[in-house]
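Asks: To start, I am sharing the structure in question, which I have written as structure tokens.
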Amino acid sequence: MNWSAIGAVFLALAVGLGAFGAHGLKDRLDAYSLGIWEKAVFYHFIHSLGVLVVSMLPRTGTFPLNGASSVCWLLIAGILIFSGSLYTLALSGVRSMGAITPIGGVCFIAAWLLLAYYFIVQRV
């Protein structure tokens, strides 16, 4: 899997969704919903950067490819579940969408802890 390309595409999507929120939704969403949208974009952006950075680690020869792939899968799952549920909540107002948001947060936490584990095991 080309995680670098996926990270770059997810970053482009984050920029596009951020611009859409700032320009296309500012008159359509209330302040609360717009805040939710902005939070989704923020986490989407930060963790897409994470995918890009983690995808580069095996290229140094000091980090296992399978480890980077596992971390990237968790980050992508987190983006899709966490940010995706917040995007949906902001647009639809369906509060039950917020119930799955923590699952995405757990994916983010698991990704960063798995990354730490690999750094400890590799002694990088």
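All residue names refer to the structure tokens as shown: chains lettered A, B, ... in order, residues numbered from 1 in each chain, ligands numbered from 1 in order.
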Find the residues around Leu114 of chain A up to 9 Å (only C-alpha atoms counted), leave out those fewer than 4 positions away in its own chain, and share them as a list in words.
Replies: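 Counting only C-alpha atoms, the residues come to Gly67, Ser70, Val71, Ile109, Ala110, Tyr118 and Phe119 of chain A.
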Asks: Skipping near chain neighbours, those fewer than 4 positions away, what residues fall within 10 Å of Thr88 of chain A using only C-alpha atoms, listed as a ChimeraX atom specification?
Replies: /A:36-37,40,83-84,92-95,97-98
Asks: From a DSSP calculation on the backbone, collect every residue of chain A in alpha helix (DSSP H) and output the set as a PyMOL selection string.
Replies: chain A and resi 3-19+31-56+65-78+84-92+101-122
Asks: Point out the residue among A:Cys72, A:Leu17, A:Gly35, A:Lys26 with the least atom-to-atom distance to Ala5 of chain A, counting only C-alpha atoms.
Replies: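 Selected residue with least distance to Ala5 of chain A: A:Cys72.
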Asks: Which of these, A:Thr62, A:Tyr32, A:Ser69, A:Ala77, has the shortest distance to Phe10 of chain A once you count only C-alpha atoms?
Replies: A:Ala77
Asks: Show me, as a CSV table (one decimal) with N, CA and C atoms, in the first residue's frame, the residues that have an atom within 12 Å of Val9 of chain A when counting only C-alpha atoms, minus same-chain residues fewer than 4 positions from it.
Replies:
chain,number,residue,atom,x,y,z
A,2,ASN,N,0.6,2.2,-0.8
A,2,ASN,CA,1.4,3.4,-0.9
A,2,ASN,C,0.8,4.4,0.1
A,3,TRP,N,1.3,4.3,1.4
A,3,TRP,CA,0.8,5.2,2.4
A,3,TRP,C,1.2,6.6,2.3
A,4,SER,N,2.3,6.9,1.6
A,4,SER,CA,2.7,8.3,1.4
A,4,SER,C,1.6,9.0,0.5
A,5,ALA,N,1.2,8.3,-0.6
A,5,ALA,CA,0.2,8.8,-1.5
A,5,ALA,C,-1.1,9.0,-0.8
A,13,LEU,N,-7.7,16.3,0.9
A,13,LEU,CA,-9.1,16.3,1.3
A,13,LEU,C,-9.3,17.2,2.5
A,14,ALA,N,-8.4,17.2,3.5
A,14,ALA,CA,-8.6,18.0,4.7
A,14,ALA,C,-8.6,19.5,4.3
A,15,VAL,N,-7.7,19.9,3.4
A,15,VAL,CA,-7.7,21.3,3.0
A,15,VAL,C,-9.0,21.6,2.3
A,16,GLY,N,-9.4,20.7,1.4
A,16,GLY,CA,-10.7,21.0,0.6
A,16,GLY,C,-11.9,21.1,1.6
A,44,HIS,N,-8.6,15.5,11.2
A,44,HIS,CA,-8.3,14.9,9.9
A,44,HIS,C,-6.9,15.4,9.4
A,45,PHE,N,-6.7,16.6,9.5
A,45,PHE,CA,-5.4,17.2,9.1
A,45,PHE,C,-4.2,16.6,9.8
A,48,SER,N,-3.7,12.9,9.1
A,48,SER,CA,-3.2,12.7,7.8
A,48,SER,C,-1.7,13.0,7.7
A,49,LEU,N,-1.3,14.1,8.4
A,49,LEU,CA,0.2,14.3,8.5
A,49,LEU,C,0.9,13.2,9.1
A,51,VAL,N,0.0,10.0,9.0
A,51,VAL,CA,0.1,9.0,7.9
A,51,VAL,C,1.3,9.3,7.1
A,52,LEU,N,1.5,10.5,6.6
A,52,LEU,CA,2.6,10.9,5.8
A,52,LEU,C,3.9,10.7,6.5
A,76,ILE,N,-5.8,5.9,9.5
A,76,ILE,CA,-6.9,6.1,8.5
A,76,ILE,C,-8.2,5.7,9.0
Asks: Which residue gives the smallest distance to Gly7 of chain A among A:Ile79, A:Ile120, A:Ile100, A:Leu115, with only C-alpha atoms counted?
Replies: A:Ile79
Asks: In Å, with one decimal, what is the gap from atom CA of Phe82 of chain A to atom CA of Ala68 of chain A?
Replies: 20.5 Å
Asks: Take atom CA of Thr60 of chain A and atom CA of Tyr117 of chain A and report the distance between them in Å, one decimal.
Replies: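 Distance reported for this atom pair: 17.5 Å.
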Asks: For each of A:Ala19, A:Leu86, A:Leu113, A:Leu75, take the minimum atom-to-atom distance to Ile6 of chain A, counting only C-alpha atoms, then give the residue where this is smallest.
Replies: A:Leu75
Asks: Could you pull the residues within 6 Å of segment 105-108 of chain A, counting only C-alpha atoms, minus those fewer than 2 positions along the same chain, as a list in words?
Replies: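 Counting only C-alpha atoms, the residues come to Leu74, Leu75, Gly78, Pro102, Ile103, Ala110 and Ala111 of chain A.
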Asks: Those same residues, written as a PDB file, in the first residue's frame with C-alpha atoms?
Replies:
ATOM      1  CA  LEU A  74      -5.217   2.732  12.486  1.00  0.00           C
ATOM      2  CA  LEU A  75      -4.724   6.399  11.613  1.00  0.00           C
ATOM      3  CA  GLY A  78      -9.467   6.984  13.011  1.00  0.00           C
ATOM      4  CA  PRO A 102     -14.944   7.831  20.335  1.00  0.00           C
ATOM      5  CA  ILE A 103     -14.214   4.669  18.352  1.00  0.00           C
ATOM      6  CA  ALA A 110      -3.929   2.940  19.471  1.00  0.00           C
ATOM      7  CA  ALA A 111      -1.978   4.171  16.430  1.00  0.00           C
TER       8      ALA A 111
END
Asks: For Leu25 of chain A, please output as JSON, numbers by chain all residues within 12 Å (counting only C-alpha atoms; exclusion window: fewer than 3 positions along the same chain).
Replies: {"A": [17, 18, 19, 20, 21, 22, 28, 29, 30, 31, 33, 34, 35, 36, 37, 38, 87, 90, 91]}
Asks: Report, in Å with one decimal, the straight-line distance from atom CA of Asn66 of chain A to atom CA of Trp112 of chain A.
Replies: 15.0 Å
